[in-house]
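Worksheet: the structure to be examined is printed underneath.
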Amino acid sequence: MKIALDAMGGDNAPLAVVEGALLARKLWGIDSILVGDEKEIRPILSAAKEDMEIVHASEVIGFDEHPVRAMRQKKDASIVVAANLVKEKKAAGLVGAGSTGAAMATSLLTYGRIRGIDRPAIAFPMPTLNGMSLVLDGGANPEASAINLVDYALMGSIYMEKVQRVKNPKVGLINIGEEEIKGTPTIIEAYKILKNSDLNFIGNVEGRDITSGVADVLVCDGFVGNIILKYTEGLAKGLFTLVKDAMLSNFKGKLGALLVKNNLKHVKSMMDYSEYGGAPLLGLQNTTIISHGSSDKKAIANAIRVAYEAYVNEITKTTMEALEKRSDS
């Protein structure tokens, strides 16, 4: 089964998307459907002396457009056409690096939610000292009820176990303190439910411990999650800029930079979003992976891989079964 790609989405589209599709096929044998303006896509394939299925779409939803309104007005937008391919079972999942709002709205209105899930969540990978943790919600829902947070924990656990191969994932609730009585009434209620659930809940996790790798799944509302996402992106860029400026400020620094060059490259790769591909939108009837707007071919290829693994490992089916089990208990 192929993955549908919004070939026109992202800062580097369609070049990076097409190259990413070719890379995914080369590395893992995963094929894709390129959705977008064929006049722009075909020359890239020809230059690479490659061929791949193209589904023409004449419109694009921009970053500055209202997602739902644009989706309804632009029936032939690349993200809309790609989502319909998934709904019609012509593709296993969708990958898009364009407007996050458009990808969310289109996926939700095209696929529909999993029964029992009130609000889908963006689950973004967070580099940690131990590898990677999954943080959700990353911005789909600025506000969340206690049940929403519990749903996020369940969906994140399933994703980490099925796609990232983490056995019995540890779940943490992001809070202002470790004590059970800390936080808003919603957080306190969510804590009580999680504590009595079948999930591997380890308790509250403070902000300073997010990157320590203490938990495999970190749960919060979309307001907090999006701030964490944007802050860590900015912090990583700032730190590397400071280190670079300091090392290149004098001769001794430049000499030291040569000695630690490979070590710094390793650290940078650990913080590189392209290693993880993108953020899955969990809680829907089908798979959508939202990639960073500045994704390069490596990031797109990894997003395709993640979308394919989510399909093969039946994330949606497993989530449905877990919800049925929960409702019966």
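Starting from 1 in every chain, residues are counted up; chains themselves are A, B, ... following the order of the structure tokens, and ligands are numbered from 1 as listed.
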
Could you give me, as number ranges by chain, the residues within 12 Å of A:Val312, counting only C-alpha atoms and dropping anything in the same chain fewer than 6 positions from it?
A: 1-3, 30, 92-93, 162-163, 286-287, 305-306, 318

Test item: residues at most 9 Å from stretch 73-85 of chain A, only C-alpha atoms, excluding those fewer than 2 positions along its chain, as a PyMOL selection string
chain A and resi 4-9+33-37+55-61+68-71+87-96+98+102-103+106-107+110-111+288

As a check of understanding: the span from atom CA of A:Gly138 to atom CA of A:Pro67 is 17.4 Å

Taking the DSSP assignment computed from this structure's backbone, write out as a ChimeraX atom specification all residues of stretch 59-187 of chain A that belong to strand (DSSP E or B).
/A:59,77,93-96,113,121-128,131-136,170-174

Skip A:Asn200 itself and residues of its chain fewer than 2 positions away, then list as a ChimeraX atom specification all residues within 7 Å of it, counting only C-alpha atoms.
/A:168-171,198,202

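For A:Ala301, the non-local neighbours within 9 Å, defined as residues at least 5 positions apart in the same chain or in other chains and counting only C-alpha atoms, are A:Val17, A:Glu19, A:Gly20, A:Ala21, A:Leu22, A:Leu23, A:Ala24, A:Arg25, A:Leu27, A:Ser274, A:Gly277, A:Asp296, A:Val306.
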
Can you pull out every residue within 8 Å of stretch 122-131 of chain A, counting only C-alpha atoms, but drop anything in the same chain fewer than 5 positions away, and send it as a PyMOL selection string?
chain A and resi 136-140+156+210-213+229+270-271+273+276+278-282

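Residues in contact range of A:Leu194, defined as at most 9 Å between only C-alpha atoms, with sequence neighbours fewer than 6 positions away removed, read Val150, Ala153, Val171, Leu173, Asn200, Phe201 and Gly203 of chain A.
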
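Atom pair atom CA of A:Ile188 / atom CA of A:Ile147: separated by 11.5 Å.
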